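Text of run-v4.pdb (PDB, C-alpha atoms and all ligand atoms) as supplied:
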ATOM      1  CA  MET A 140     -11.788 -17.168  13.509
ATOM      2  CA  PRO A 141     -10.097 -14.126  15.009
ATOM      3  CA  ASP A 142     -10.206 -15.452  18.596
ATOM      4  CA  ARG A 143      -7.759 -18.227  17.800
ATOM      5  CA  PRO A 144      -4.257 -17.107  18.817
ATOM      6  CA  TYR A 145      -2.016 -16.155  15.945
ATOM      7  CA  VAL A 146       1.324 -14.558  15.192
ATOM      8  CA  ILE A 147       2.137 -12.224  12.329
ATOM      9  CA  ASP A 148       5.310 -13.001  10.390
ATOM     10  CA  GLU A 149       6.692 -10.083   8.416
ATOM     11  CA  MET A 150       6.500 -10.673   4.664
ATOM     12  CA  ILE A 151       7.122  -7.204   3.169
ATOM     13  CA  SER A 152       8.925  -4.524   5.172
ATOM     14  CA  ALA A 153       7.759  -0.902   5.451
ATOM     15  CA  LYS A 154      10.915   0.120   3.593
ATOM     16  CA  ALA A 155      10.245  -2.247   0.690
ATOM     17  CA  ILE A 156       6.648  -1.027   0.474
ATOM     18  CA  ALA A 157       7.748   2.626   0.371
ATOM     19  CA  ALA A 158      10.239   1.945  -2.432
ATOM     20  CA  ARG A 159       7.645   0.048  -4.467
ATOM     21  CA  VAL A 160       4.968   2.721  -3.939
ATOM     22  CA  GLU A 161       7.376   5.363  -5.217
ATOM     23  CA  ALA A 162       8.148   3.285  -8.334
ATOM     24  CA  LEU A 163       4.448   2.601  -8.998
ATOM     25  CA  ALA A 164       3.626   6.304  -8.678
ATOM     26  CA  LYS A 165       6.331   7.167 -11.210
ATOM     27  CA  GLU A 166       4.859   4.696 -13.711
ATOM     28  CA  ILE A 167       1.343   6.025 -13.110
ATOM     29  CA  THR A 168       2.522   9.625 -13.494
ATOM     30  CA  ARG A 169       4.171   8.728 -16.795
ATOM     31  CA  ALA A 170       1.137   6.783 -18.058
ATOM     32  CA  PHE A 171      -1.344   9.581 -17.341
ATOM     33  CA  ARG A 172       0.920  12.521 -18.272
ATOM     34  CA  GLY A 173      -1.155  15.347 -19.808
ATOM     35  CA  THR A 174      -4.357  14.484 -17.935
ATOM     36  CA  ASP A 175      -6.382  17.451 -16.709
ATOM     37  CA  LYS A 176      -7.211  15.464 -13.584
ATOM     38  CA  LEU A 177      -6.783  11.860 -12.486
ATOM     39  CA  VAL A 178      -9.641  10.471 -10.400
ATOM     40  CA  VAL A 179      -8.044   8.065  -7.933
ATOM     41  CA  VAL A 180     -10.683   5.647  -6.631
ATOM     42  CA  GLY A 181      -9.743   3.826  -3.439
ATOM     43  CA  LEU A 182     -11.587   0.633  -2.565
ATOM     44  CA  LEU A 183     -12.447   0.805   1.114
ATOM     45  CA  ARG A 184     -11.344  -0.115   3.540
ATOM     46  CA  GLY A 185      -8.155  -2.019   2.828
ATOM     47  CA  SER A 186      -6.621   0.497   0.396
ATOM     48  CA  PHE A 187      -6.742   3.557   2.658
ATOM     49  CA  VAL A 188      -3.079   3.493   3.701
ATOM     50  CA  PHE A 189      -1.837   2.560   0.223
ATOM     51  CA  ILE A 190      -3.855   5.296  -1.493
ATOM     52  CA  ALA A 191      -2.633   7.904   1.004
ATOM     53  CA  ASP A 192       0.995   7.066   0.241
ATOM     54  CA  LEU A 193       0.458   6.577  -3.489
ATOM     55  CA  VAL A 194      -1.299   9.900  -4.212
ATOM     56  CA  ARG A 195       1.454  11.814  -2.432
ATOM     57  CA  GLU A 196       3.969  10.375  -4.906
ATOM     58  CA  ILE A 197       1.843  10.946  -8.035
ATOM     59  CA  ASP A 198       2.934  14.119  -9.796
ATOM     60  CA  LEU A 199      -0.391  14.966 -11.496
ATOM     61  CA  PRO A 200      -3.553  16.852 -10.520
ATOM     62  CA  VAL A 201      -5.614  14.259  -8.648
ATOM     63  CA  GLU A 202      -9.073  13.938  -7.198
ATOM     64  CA  VAL A 203      -9.650  11.240  -4.587
ATOM     65  CA  ASP A 204     -12.883   9.304  -4.271
ATOM     66  CA  PHE A 205     -13.831   6.093  -2.484
ATOM     67  CA  LEU A 206     -15.997   3.098  -3.171
ATOM     68  CA  GLU A 207     -16.793   0.321  -0.734
ATOM     69  CA  ALA A 208     -17.603  -3.186  -1.883
ATOM     70  CA  SER A 209     -18.417  -6.071   0.428
ATOM     71  CA  SER A 210     -15.614  -8.586   0.590
ATOM     72  CA  TYR A 211     -14.570 -11.050   3.256
ATOM     73  CA  GLY A 212     -16.749  -9.694   6.044
ATOM     74  CA  ASP A 213     -15.197 -11.024   9.203
ATOM     75  CA  ALA A 214     -14.045 -14.297   7.738
ATOM     76  CA  MET A 215     -11.043 -15.491   5.759
ATOM     77  CA  GLN A 216     -13.051 -16.661   2.756
ATOM     78  CA  SER A 217     -13.955 -14.514  -0.202
ATOM     79  CA  SER A 218     -17.658 -14.065  -0.856
ATOM     80  CA  ARG A 219     -18.453 -14.579  -4.508
ATOM     81  CA  GLU A 220     -21.355 -12.181  -4.369
ATOM     82  CA  VAL A 221     -20.068  -8.598  -4.431
ATOM     83  CA  ARG A 222     -22.276  -5.757  -3.222
ATOM     84  CA  ILE A 223     -21.586  -2.032  -3.404
ATOM     85  CA  LEU A 224     -21.887  -0.650   0.131
ATOM     86  CA  LYS A 225     -20.780   2.881  -0.699
ATOM     87  CA  ASP A 226     -20.697   4.382  -4.176
ATOM     88  CA  LEU A 227     -18.495   7.177  -5.545
ATOM     89  CA  ARG A 228     -19.408  10.787  -4.765
ATOM     90  CA  GLY A 229     -18.253  12.086  -8.142
ATOM     91  CA  GLU A 230     -18.941  11.423 -11.819
ATOM     92  CA  ILE A 231     -16.314   9.490 -13.795
ATOM     93  CA  SER A 232     -17.830   9.689 -17.264
ATOM     94  CA  GLY A 233     -15.171  10.994 -19.682
ATOM     95  CA  ARG A 234     -12.534  11.085 -16.918
ATOM     96  CA  ASP A 235      -9.171   9.427 -16.381
ATOM     97  CA  VAL A 236      -9.646   6.926 -13.546
ATOM     98  CA  LEU A 237      -7.232   4.888 -11.455
ATOM     99  CA  VAL A 238      -8.763   2.216  -9.228
ATOM    100  CA  VAL A 239      -6.611   1.432  -6.192
ATOM    101  CA  GLU A 240      -7.107  -1.978  -4.584
ATOM    102  CA  ASP A 241      -5.292  -3.593  -1.668
ATOM    103  CA  ILE A 242      -5.310  -7.251  -2.775
ATOM    104  CA  VAL A 243      -6.518  -9.118  -5.818
ATOM    105  CA  ASP A 244      -7.348 -12.578  -4.540
ATOM    106  CA  THR A 245     -10.085 -14.557  -6.353
ATOM    107  CA  GLY A 246     -10.662 -11.467  -8.525
ATOM    108  CA  PHE A 247     -14.433 -11.299  -7.894
ATOM    109  CA  THR A 248     -14.323  -7.888  -6.165
ATOM    110  CA  LEU A 249     -12.090  -6.176  -8.708
ATOM    111  CA  SER A 250     -13.908  -7.543 -11.760
ATOM    112  CA  HIS A 251     -17.271  -6.461 -10.332
ATOM    113  CA  VAL A 252     -15.976  -2.964  -9.553
ATOM    114  CA  VAL A 253     -14.218  -2.579 -12.913
ATOM    115  CA  ASN A 254     -17.357  -3.667 -14.803
ATOM    116  CA  LEU A 255     -19.465  -1.228 -12.811
ATOM    117  CA  LEU A 256     -17.083   1.691 -13.377
ATOM    118  CA  ARG A 257     -16.604   0.886 -17.073
ATOM    119  CA  SER A 258     -20.385   1.041 -17.531
ATOM    120  CA  ARG A 259     -20.079   4.740 -16.595
ATOM    121  CA  VAL A 260     -17.841   5.245 -19.647
ATOM    122  CA  PRO A 261     -14.663   6.797 -18.255
ATOM    123  CA  LYS A 262     -12.146   8.090 -20.795
ATOM    124  CA  ARG A 263      -9.584   5.651 -19.451
ATOM    125  CA  LEU A 264      -9.623   3.250 -16.521
ATOM    126  CA  GLU A 265      -6.575   1.492 -15.079
ATOM    127  CA  VAL A 266      -6.045  -0.476 -11.878
ATOM    128  CA  CYS A 267      -3.216  -0.397  -9.363
ATOM    129  CA  ALA A 268      -3.215  -3.225  -6.807
ATOM    130  CA  LEU A 269      -0.726  -3.373  -3.979
ATOM    131  CA  LEU A 270      -0.799  -7.167  -3.698
ATOM    132  CA  ASP A 271      -1.718  -9.985  -6.039
ATOM    133  CA  LYS A 272      -2.280 -13.629  -5.123
ATOM    134  CA  PRO A 273      -2.320 -15.132  -8.645
ATOM    135  CA  SER A 274      -2.588 -18.718  -7.383
ATOM    136  CA  ARG A 275      -6.033 -17.945  -5.930
ATOM    137  CA  ARG A 276      -7.552 -16.389  -9.049
ATOM    138  CA  GLU A 277     -11.012 -17.568 -10.130
ATOM    139  CA  VAL A 278     -11.954 -14.656 -12.387
ATOM    140  CA  ALA A 279      -9.540 -13.685 -15.170
ATOM    141  CA  ILE A 280      -8.534 -10.156 -14.238
ATOM    142  CA  LYS A 281      -5.178  -8.481 -13.755
ATOM    143  CA  ALA A 282      -4.316  -5.033 -12.462
ATOM    144  CA  THR A 283      -2.440  -2.690 -14.787
ATOM    145  CA  TRP A 284       0.135  -2.214 -12.026
ATOM    146  CA  THR A 285       0.868  -4.589  -9.153
ATOM    147  CA  GLY A 286       3.051  -3.839  -6.159
ATOM    148  CA  PHE A 287       3.952  -7.381  -5.118
ATOM    149  CA  GLU A 288       2.909 -10.887  -6.087
ATOM    150  CA  ILE A 289       2.521 -12.962  -2.940
ATOM    151  CA  PRO A 290       1.893 -16.647  -2.206
ATOM    152  CA  ASP A 291      -1.422 -18.004  -0.932
ATOM    153  CA  GLU A 292      -1.128 -16.629   2.605
ATOM    154  CA  PHE A 293      -3.599 -14.534   4.576
ATOM    155  CA  VAL A 294      -1.923 -11.168   5.136
ATOM    156  CA  VAL A 295      -2.500  -8.113   7.328
ATOM    157  CA  GLY A 296      -1.012  -4.672   7.848
ATOM    158  CA  TYR A 297      -0.551  -1.462   5.828
ATOM    159  CA  GLY A 298      -4.337  -0.994   5.846
ATOM    160  CA  ILE A 299      -5.241  -4.664   5.421
ATOM    161  CA  ASP A 300      -7.152  -6.389   8.213
ATOM    162  CA  PHE A 301      -8.036  -9.675   9.769
ATOM    163  CA  ALA A 302     -11.553  -9.192  11.177
ATOM    164  CA  GLN A 303     -10.844  -5.440  11.499
ATOM    165  CA  ARG A 304      -7.562  -5.970  13.328
ATOM    166  CA  ASN A 305      -3.937  -5.195  12.417
ATOM    167  CA  ARG A 306      -4.655  -2.495   9.801
ATOM    168  CA  ASN A 307      -2.207  -0.184  11.593
ATOM    169  CA  LEU A 308       0.900  -2.331  11.163
ATOM    170  CA  PRO A 309       3.449  -0.430   9.033
ATOM    171  CA  TYR A 310       4.507  -3.626   7.234
ATOM    172  CA  ILE A 311       2.684  -6.539   5.603
ATOM    173  CA  GLY A 312       2.744  -9.815   7.488
ATOM    174  CA  ALA A 313       1.285 -13.300   7.154
ATOM    175  CA  VAL A 314      -1.172 -14.586   9.777
ATOM    176  CA  HIS A 315      -0.081 -17.913  11.255
ATOM    177  CA  PHE A 316      -2.225 -19.606  13.868
ATOM    178  CA  THR A 317      -0.523 -20.982  16.939
ATOM    179  CA  GLY A 318      -1.413 -23.483  19.627
ATOM    180  CA  ASP A 319      -3.840 -26.413  19.337
ATOM    181  CA  GLY A 320      -5.322 -26.896  15.910
ATOM    182  CA  ALA A 321      -2.850 -24.522  14.218
TER
HETATM  183  P1  LIG B   1     -11.348 -11.124  -4.067
HETATM  184  O1  LIG B   1     -12.717 -10.668  -4.460
HETATM  185  O2  LIG B   1     -11.320 -12.566  -3.668
HETATM  186  O3  LIG B   1     -10.278 -10.803  -5.097
HETATM  187  O4  LIG B   1     -11.009 -10.400  -2.711
HETATM  188  C1  LIG B   1     -10.482  -9.163  -2.637
HETATM  189  C2  LIG B   1     -10.633  -8.587  -1.250
HETATM  190  O5  LIG B   1     -10.602  -9.591  -0.233
HETATM  191  C3  LIG B   1      -9.480  -7.676  -0.949
HETATM  192  O6  LIG B   1      -9.746  -6.367  -1.384
HETATM  193  C4  LIG B   1      -9.372  -7.772   0.540
HETATM  194  O7  LIG B   1     -10.246  -6.858   1.149
HETATM  195  C5  LIG B   1      -9.831  -9.178   0.854
HETATM  196  N1  LIG B   1      -8.655 -10.048   1.015
HETATM  197  C6  LIG B   1      -8.140 -10.909   0.107
HETATM  198  N2  LIG B   1      -7.054 -11.532   0.590
HETATM  199  C7  LIG B   1      -6.874 -11.037   1.834
HETATM  200  C8  LIG B   1      -5.866 -11.267   2.847
HETATM  201  O8  LIG B   1      -4.914 -12.040   2.698
HETATM  202  N3  LIG B   1      -6.002 -10.538   3.992
HETATM  203  C9  LIG B   1      -7.028  -9.668   4.194
HETATM  204  N4  LIG B   1      -7.963  -9.409   3.274
HETATM  205  C10 LIG B   1      -7.886 -10.092   2.102
END
Would you mind writing the file out in structure tokens?
Ligand code: IMP
Amino acid sequence: MPDRPYVIDEMISAKAIAARVEALAKEITRAFRGTDKLVVVGLLRGSFVFIADLVREIDLPVEVDFLEASSYGDAMQSSREVRILKDLRGEISGRDVLVVEDIVDTGFTLSHVVNLLRSRVPKRLEVCALLDKPSRREVAIKATWTGFEIPDEFVVGYGIDFAQRNRNLPYIGAVHFTGDGA
């Protein structure tokens, strides 16, 4: 419930994120070397800051596209039923594709999206997730590249929200409720 007072405790600094993004982009550049074009698919909305930083460090020809899947809505619980709210604009059949996700939590969203995109028969499909909460996993899926493994905490910042708030924080922080009932 977003109206309960909360504080945000920094978990990953802006500096640490920048260093990790640079390292991830180097690995991605190496892995896709020789591609005519890499289609970078950002999952809206949480990945918009990450994808903006990541593509600027990838030294390959890239195309950027976006897909929006329903996730938490305005709550803190994952919905098991994943719906596609906005599909890609471009074709990915026969293309090199990198899916960029903010957080892999239960894994329902990513596995649904990966299955959907694989059904379109890309040449190659890999996943880069900024954050992974392995202790929460319910569907066996792992990103090819992960920025940081984090504990079971609800996080915000660097594009990630709590009921549409706090996306503009430059760092990633954990939400901790304060006051009565915290
Ligand atoms: P999953 O389907 O449970 O893996 O959920 C993935 C999506 O839930 C992510 O892309 C986020 O949008 C959202 N999510 C998961 N954990 C958090 C969190 O700690 N803060 C904000 N959003 C989260």
Next on the checklist: Take the PyMOL selection byres (((not hetatm)) within 8 of (chain B and resi 1)), run it mentally on this structure, and tell me the resulting residues as a VMD selection string.
Outcome noted: chain A and resid 182 to 186 210 to 211 215 to 219 221 240 to 249 272 275 to 276 291 to 295 299 to 301 313
Checklist entry - Do you know which residues the PyMOL selection byres (((chain A and resi 163) around 10) and not hetatm) returns on this file, as a ChimeraX atom specification? => result /A:157-162,164-169,193,196-197,267-269,284-286
Checklist outcome for this item: Of A:Glu220, A:Asp204, A:Asp142, A:Asp175, the one nearest to A:Phe187 when counting all atoms listed in the file is A:Asp204
Item to check | Computed interatomic separation between atom CA of A:Val201 and atom CA of A:Ile311 (Å) | outcome: 26.5 Å
Item to check | Nearest to A:Ile190 by atom-to-atom distance, counting all atoms listed in the file, from A:Leu256, A:Val239, A:Ile231, A:Ile223 | outcome: A:Val239
Next on the checklist: Since I can't run it myself right now, could you work out what the PyMOL selection byres (((chain A and resi 178) around 9) and not hetatm) selects here and report it as number ranges by chain?
Outcome noted: A: 176-177, 179-180, 200-204, 231, 234-238
Item to check | Polymer residues at most 10 Å from A:Ile151, all atoms listed in the file, same-chain spacing of 4 or more positions, as a VMD selection string | outcome: chain A and resid 155 to 156 287 289 296 to 297 309 to 313
Checklist entry - Any idea what the distance is between atom CA of A:Ile147 and atom CA of A:His315? => result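 Computing it gives 6.2 Å between the two atoms.
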Checklist entry - Quick one: distance from atom CA of A:Ala208 to atom CA of A:Ser250 in Å, one decimal? => result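 Interatomic distance, atom CA of A:Ala208 to atom CA of A:Ser250: 11.4 Å.
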Checklist entry - Of the candidates A:Gly233, A:Leu308, A:Pro273, A:Val194, which one gets nearest to A:Ala153 if we count only C-alpha atoms? => result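 Using only C-alpha atoms, the shortest distance to A:Ala153 belongs to A:Leu308.
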Checklist entry - Given the choices A:Thr317, A:Ser274, A:Ser209, A:Ser258, which gets closest to A:Glu230 if the distance is worked out from all atoms listed in the file? => result A:Ser258
